[in-house]
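Report on the following structure.
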2 protein chains.
Amino acid sequence: MARRAHLVKKVTSQDVAKLAGVSRTTVSLVLNDVPGTHIPESTRQRVLEAARKLNYYPAAAARSLASGKTHVIGLVLCEGPDKVSADAFLPDVMRGIADEVSKHDYTLLFHTNVAPNDPNSYMKLVRGHHIDGLIVSAPRSDDPNLPELAKSGFPTVLHGRLPGTDIPFVDVDNIGGAEKAVNHLIALGHKRIGLITNAPVSFTSAKARLRGYEKALEKAGIPLDENLIRYGYFLPETGYRAMTELLELPKPPTGVFVASDVVAMGALAAVHEKGLRVPEEIAIVGFDDIFASAYTVPALTTVHLPAYDLGREAAKMLFDIMGGEDFENRHMFLETSLIVRKSCGGVKVQ
Amino acid sequence: MARRAHLVKKVTSQDVAKLAGVSRTTVSLVLNDVPGTHIPESTRQRVLEAARKLNYYPAAAARSLASGKTHVIGLVLCEGPDKVSADAFLPDVMRGIADEVSKHDYTLLFHTNVAPNDPNSYMKLVRGHHIDGLIVSAPRSDDPNLPELAKSGFPTVLHGRLPGTDIPFVDVDNIGGAEKAVNHLIALGHKRIGLITNAPVSFTSAKARLRGYEKALEKAGIPLDENLIRYGYFLPETGYRAMTELLELPKPPTGVFVASDVVAMGALAAVHEKGLRVPEEIAIVGFDDIFASAYTVPALTTVHLPAYDLGREAAKMLFDIMGGEDFENRHMFLETSLIVRKSCGGVKVQ
DNA sequence: CTGAAAGCGCTTACAG
DNA sequence: CTGAAAGCGCTTACAG
């Protein structure tokens with residue numbers, strides 16, 4: 001019951017100053033390595049030594065109250081629980097962000113924003129001066145905070161594109177990636193190529209991947225057949241359902257581009273259940289290259305999404321912006337690459 | 001180049017006080033809902049109204065400097081990059097923590113601690129008074145900070161067991177879970193049961209799952225055969241290698257408990273490559289129940305690990321401790337459950 | 001080059 | 001019940 005105080009005695013810059021025989025000003029100056037100050041090496045060393053000896057770390061709150069900067073950036077995930085659970089990239093994206101953040105000696109705040117109008121919205125973080133900058137992952141066009149954020153000029157980077165705003169973003173080149181996937185199928189001789197999207201087209205990534213599919217067909221002179229298009233929704237079961245429908249078509253596709261590996265896992269299951277063989281009877285290309293894709297049966301040919309880099313570049317861009325760089329029209333698309341495994345075979349069909 | 005100031009004018013408690021016609025003290029009192037204060041409803045409403053109208057949010061730094069509490073808890077991951085990337089649970093664990101944290105109106109700091117002696121260690125967070133409490137995930141016995149933390153009395157909860165300390169922890173019941181897996185195989189009639197661990201036994205979860213395997217065999221009167229035990233290391237390729245070795249034994253096992261679904265994916269691939277059928281020729285039980293396990297071929301029978309609850313309970317325990325509850329010997333083991341799918345078949349072998 | 005002092009925006013005893 | 005005032009531990013002009 002008794003609340004025990006932490007035994008760590010709080011050491012302040014005053015203590016360090018005293019031990020080093022200087023003022024708190026000097027302590028602050030050397031510890032923060034303030035540019036433009038020429039402090040004699042001997043003094044500097046005395047201060048550093050004293051700080052080390054006392055195991056001194058500046059109190060974050062005091063520092064940020066005085067300086068006006070928090071040295072923390074926020075990461076907010078605008079995804080519902082089901083989506084987050086299946087989010088195979090989150091760990092890598094976060095690692096990318098975290099690496100960059102800690103390089104700048106910043107710290108990362110993690111926040112999930114369940115609904116567009118979440119009462120416990122991430123806006124509290126910016127309004128309460130918890131953070132100096134913000135990365136919004138999987139932004140939604142119905143999020144009322146984003147336009148406001150943009151107007152206020154608060155340093156913000158979107159992870160995932162959001163058309164209709166000029167907020168800087170980094171995203172993967174979904175159109176190009178989808179084209180690569182479909183081109184692969186085309187090169188293998190497929191003419192009836194189906195599509196199962198990763199999500200409804202209200203998600204920009206889904207729309208872009210659909211667009212890539214269309215472009216690839218168009219360039220190859222293959223007419224678009226709406227019957228061959230189905231819509232997934234992040235989870236395997238949606239892929240299962242979509243693929244089952246495709247397979248029950250009078251004339252099923254010979255190859256299917258499933259715009260999400262997770263959804264593709266369900267699609268694969270549907271194919272197996274029908275007793276069909278992949279790639280002999282139907283070829284499948286995925287998108288995302290989650291680590292499990294190398295271990296499906298057969299191993300999934302897919303489009304690699306650079307999750308780590310996505311996180312890292314988003315953080316880099318944010319620091320640029322916080323550093324005062326012009327942030328008008330800062331948009332970045334990361335390249336994807338096709339990973340050829342077993343689910344399409346190597347032989348041309350006809 | 002020009003750094004533009006955010007257009008949000010800073011509104012302080014002074015502004016709210018003025019608008020409501022009260023003092024800052026009163027503003028603070030009502031906004032923080034300080035117990036033991038009897039402020040007339042009318043005054044309270046005026047303050048609330050004023051705060052709403054001005055869109056006022058207390059400055060985090062000032063609040064924490066004055067109160068001595070940061071209202072943020074830290075989550076530190078003690079895992080190398082490769083492990084993190086394959087960490088299928090991270091999203092769910094974080095969601096569990098985040099939900100609990102935001103319920104308490106706290107905020108979550110995310111930090112990865114790559115090495116035991118990371119110069120950019122999480123201790124900076126506690127020393128610099130960034131956080132009020134700490135959840136350490138996947139703690140390592142060679143981490144020099146943990147004993148120090150324990151001694152200092154800083155509110156800490158381990159996510160994952162660490163023998164040899166009395167730091168409170170929440171962990172999954174790995175021994176019990178492994179027993180369930182192996183018992184399932186035994187009930188199906190298997191006598192030669194192999195084990196592929198999830199990691200070297202220096203990891204406590206690996207040691208516990210190995211222990212569960214031993215206990216199950218022992219209770220069933222099946223002698224332990226060291227030849228049937230192989231060691232995985234988190235990644236699928238290690239399972240592939242281990243299973244290949246097992247399969248090349250003069251007398252291979254008829255059933256294998258692979259103590260990690262991720263590792264099991266590699267093991268499955270090895271079996272398929274040998275042209276063997278699962279479960280007819282060899283049965284496999286996994287552990288973890290990552291979402292992909294429902295979509296392997298055949299779908300993996302496995303032991304469900306309650307990732308979300310793990311995160312949530314860890315956070316709950318931490319808040320209890322921060323709230324002054326006695327934290328001696330606070331240990332919690334979460335139950336697992338066997339998820340029967342297709343990889344063991346339903347028929348008894350002999 | 002370095003120090004004294006103000007100030008960041010809150011909370012919290014302490015009076016009244 | 002409410003307000004004036006001190007204080008949290010830094011940083012940062014400003015003097016010297």
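Letters for chains follow the order of the structure tokens (A, B, ...), residue numbers begin at 1 for each chain, and ligand numbers begin at 1 in the order shown.
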Between chain C and chain A, at 8 Å or less, what are the per-residue closest atom pairs and their distances in Å? Count only C-alpha atoms (C1' of nucleotides), order by chain and rising residue number, and return it as CSV.
```
residue,atom,partner,partner_atom,distance
C:DC1,C1',A:Ile39,CA,6.6
C:DT2,C1',A:Thr26,CA,7.0
C:DG3,C1',A:Ser23,CA,6.3
C:DG7,C1',A:Ala66,CA,7.8
C:DC8,C1',A:Ala66,CA,4.6
C:DG9,C1',A:Leu65,CA,7.6
```
Stretch 104-302 of chain B: residues DSSP assigns to helix (DSSP H, G or I), reported as number ranges by chain: B: 123-127, 145-152, 174-187, 204-219, 226-228, 236-247, 261-273, 291-295
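Proximity to A:Gly74 was assessed for A:Gly133, A:Pro116, A:Pro200, A:Gly164 counting only C-alpha atoms; the smallest distance is recorded for A:Gly133.
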Give as an mmCIF file with N, CA and C atoms, in the first residue's frame every residue of chain B that touches chain A within 6 Å, counting only C-alpha atoms.
```
data_model
loop_
_atom_site.group_PDB
_atom_site.id
_atom_site.type_symbol
_atom_site.label_atom_id
_atom_site.label_comp_id
_atom_site.auth_asym_id
_atom_site.auth_seq_id
_atom_site.Cartn_x
_atom_site.Cartn_y
_atom_site.Cartn_z
ATOM 1 N N MET B 1 13.353 27.802 -46.698
ATOM 2 C CA MET B 1 14.437 28.016 -45.745
ATOM 3 C C MET B 1 13.891 28.651 -44.476
ATOM 4 N N ARG B 3 11.924 29.361 -41.418
ATOM 5 C CA ARG B 3 11.167 28.508 -40.516
ATOM 6 C C ARG B 3 9.916 29.252 -40.106
ATOM 7 N N HIS B 6 4.303 28.047 -36.025
ATOM 8 C CA HIS B 6 2.966 27.490 -36.155
ATOM 9 C C HIS B 6 1.990 28.592 -35.842
ATOM 10 N N LEU B 7 0.955 28.593 -36.602
ATOM 11 C CA LEU B 7 0.014 29.694 -36.463
ATOM 12 C C LEU B 7 -0.861 29.560 -35.219
ATOM 13 N N TYR B 57 -5.546 23.344 -24.083
ATOM 14 C CA TYR B 57 -4.952 22.105 -23.594
ATOM 15 C C TYR B 57 -3.723 22.472 -22.786
ATOM 16 N N PRO B 58 -3.656 22.022 -21.562
ATOM 17 C CA PRO B 58 -2.507 22.342 -20.703
ATOM 18 C C PRO B 58 -1.202 21.945 -21.386
ATOM 19 N N ALA B 59 -0.189 22.751 -21.262
ATOM 20 C CA ALA B 59 1.113 22.420 -21.823
ATOM 21 C C ALA B 59 1.704 21.265 -21.035
ATOM 22 N N ALA B 60 2.031 20.217 -21.760
ATOM 23 C CA ALA B 60 2.509 19.004 -21.111
ATOM 24 C C ALA B 60 3.748 19.256 -20.256
ATOM 25 N N ALA B 61 4.683 20.007 -20.798
ATOM 26 C CA ALA B 61 5.942 20.223 -20.095
ATOM 27 C C ALA B 61 5.719 20.952 -18.772
ATOM 28 N N ALA B 62 4.924 21.981 -18.835
ATOM 29 C CA ALA B 62 4.677 22.771 -17.634
ATOM 30 C C ALA B 62 3.969 21.921 -16.581
ATOM 31 N N LEU B 65 6.405 19.431 -15.166
ATOM 32 C CA LEU B 65 7.438 20.041 -14.323
ATOM 33 C C LEU B 65 6.863 20.387 -12.952
ATOM 34 N N SER B 85 11.496 -7.569 -36.933
ATOM 35 C CA SER B 85 10.826 -7.655 -38.230
ATOM 36 C C SER B 85 9.883 -8.838 -38.288
ATOM 37 N N PRO B 91 2.282 -5.744 -33.092
ATOM 38 C CA PRO B 91 1.103 -4.895 -33.260
ATOM 39 C C PRO B 91 0.040 -5.139 -32.193
ATOM 40 N N ASP B 92 -0.256 -6.399 -31.924
ATOM 41 C CA ASP B 92 -1.292 -6.689 -30.934
ATOM 42 C C ASP B 92 -0.880 -6.333 -29.515
ATOM 43 N N LEU B 108 2.136 6.862 -24.657
ATOM 44 C CA LEU B 108 3.083 5.762 -24.766
ATOM 45 C C LEU B 108 4.340 6.134 -25.542
ATOM 46 N N LEU B 109 5.471 5.946 -24.925
ATOM 47 C CA LEU B 109 6.747 6.209 -25.579
ATOM 48 C C LEU B 109 7.307 4.881 -26.058
ATOM 49 N N PHE B 110 7.756 4.853 -27.301
ATOM 50 C CA PHE B 110 8.263 3.613 -27.864
ATOM 51 C C PHE B 110 9.767 3.702 -28.061
ATOM 52 N N ARG B 127 16.108 8.300 -16.387
ATOM 53 C CA ARG B 127 16.974 9.304 -15.761
ATOM 54 C C ARG B 127 16.566 10.717 -16.128
ATOM 55 N N GLY B 128 16.155 10.869 -17.362
ATOM 56 C CA GLY B 128 15.768 12.194 -17.816
ATOM 57 C C GLY B 128 14.330 12.540 -17.468
ATOM 58 N N HIS B 129 13.721 11.679 -16.652
ATOM 59 C CA HIS B 129 12.344 11.912 -16.218
ATOM 60 C C HIS B 129 11.403 12.088 -17.383
ATOM 61 N N HIS B 130 11.598 11.250 -18.379
ATOM 62 C CA HIS B 130 10.686 11.284 -19.509
ATOM 63 C C HIS B 130 9.418 10.504 -19.203
ATOM 64 N N SER B 152 16.231 0.641 -7.643
ATOM 65 C CA SER B 152 15.797 2.031 -7.497
ATOM 66 C C SER B 152 14.310 2.127 -7.196
ATOM 67 N N GLY B 153 13.570 1.050 -7.490
ATOM 68 C CA GLY B 153 12.143 1.090 -7.224
ATOM 69 C C GLY B 153 11.338 1.798 -8.291
ATOM 70 N N PHE B 154 11.978 2.072 -9.391
ATOM 71 C CA PHE B 154 11.238 2.708 -10.485
ATOM 72 C C PHE B 154 10.188 1.725 -11.012
ATOM 73 N N MET B 265 6.639 -22.475 -40.150
ATOM 74 C CA MET B 265 6.437 -22.248 -41.574
ATOM 75 C C MET B 265 7.620 -22.784 -42.373
ATOM 76 N N TYR B 295 -3.638 -20.006 -42.432
ATOM 77 C CA TYR B 295 -3.577 -20.060 -43.892
ATOM 78 C C TYR B 295 -2.374 -20.791 -44.453
ATOM 79 N N GLY B 324 0.707 2.803 -6.375
ATOM 80 C CA GLY B 324 1.143 2.575 -5.014
ATOM 81 C C GLY B 324 0.900 1.182 -4.489
ATOM 82 N N GLU B 325 0.352 0.325 -5.341
ATOM 83 C CA GLU B 325 0.129 -1.037 -4.876
ATOM 84 C C GLU B 325 1.476 -1.710 -4.626
ATOM 85 N N ASP B 326 1.447 -2.589 -3.721
ATOM 86 C CA ASP B 326 2.653 -3.325 -3.407
ATOM 87 C C ASP B 326 3.066 -4.130 -4.640
#
```
Which of stretch 280-340 of chain B DSSP labels strand (DSSP E or B), written as an MDAnalysis selection string: chainID B and resid 283:285 288 301:304 331:334 337:339
Within 12 Å of D:DA5 using only C-alpha atoms (C1' of nucleotides), minus same-chain residues under 5 positions, as a list in words: Arg24 and Thr25 of chain B; DT11, DT12, DA13, DC14 and DA15 of chain C
Using only C-alpha atoms (C1' of nucleotides), determine which residues lie at most 9 Å from B:Thr336, disregarding the query and same-chain residues fewer than 6 positions distant; provide the list as an mmCIF file with C-alpha atoms, in the first residue's frame.
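This went into selection11.cif:
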```cif
data_model
loop_
_atom_site.group_PDB
_atom_site.id
_atom_site.type_symbol
_atom_site.label_atom_id
_atom_site.label_comp_id
_atom_site.auth_asym_id
_atom_site.auth_seq_id
_atom_site.Cartn_x
_atom_site.Cartn_y
_atom_site.Cartn_z
ATOM 1 C CA VAL B 172 2.403 -16.409 -21.162
ATOM 2 C CA ASP B 173 2.272 -19.837 -19.556
ATOM 3 C CA ASN B 174 4.829 -21.333 -21.902
ATOM 4 C CA GLY B 176 1.530 -25.233 -19.912
ATOM 5 C CA GLY B 177 1.099 -24.259 -23.538
ATOM 6 C CA LYS B 180 -1.031 -28.828 -24.432
ATOM 7 C CA ASP B 288 1.881 -18.675 -31.020
ATOM 8 C CA VAL B 303 -1.215 -22.926 -29.273
ATOM 9 C CA HIS B 304 -2.816 -19.544 -29.068
ATOM 10 C CA LEU B 305 -0.822 -16.821 -27.390
ATOM 11 C CA PRO B 306 -2.978 -13.947 -26.162
#
```
For B:Ala259: contacts at 6 Å, only C-alpha atoms (C1' of nucleotides), fewer than 5 positions along chain excluded, given as a list in words: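 Using only C-alpha atoms (C1' of nucleotides), the neighbours found are Thr197, Asn198, Gly286 and Phe287 of chain B.
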I need the chosen residues saved as a short mmCIF file (atom, residue, chain, number, x, y, z; two decimals), in the first residue's frame, with N, CA and C atoms.
```
data_model
loop_
_atom_site.label_atom_id
_atom_site.label_comp_id
_atom_site.auth_asym_id
_atom_site.auth_seq_id
_atom_site.Cartn_x
_atom_site.Cartn_y
_atom_site.Cartn_z
N THR B 197 12.71 -26.06 -31.21
CA THR B 197 12.45 -24.94 -30.30
C THR B 197 12.26 -23.65 -31.10
N ASN B 198 11.73 -22.66 -30.43
CA ASN B 198 11.56 -21.37 -31.09
C ASN B 198 12.86 -20.58 -31.08
N GLY B 286 2.18 -26.13 -33.86
CA GLY B 286 2.96 -24.92 -33.68
C GLY B 286 2.74 -24.30 -32.32
N PHE B 287 3.19 -23.07 -32.19
CA PHE B 287 2.97 -22.31 -30.96
C PHE B 287 2.98 -20.84 -31.34
#
```
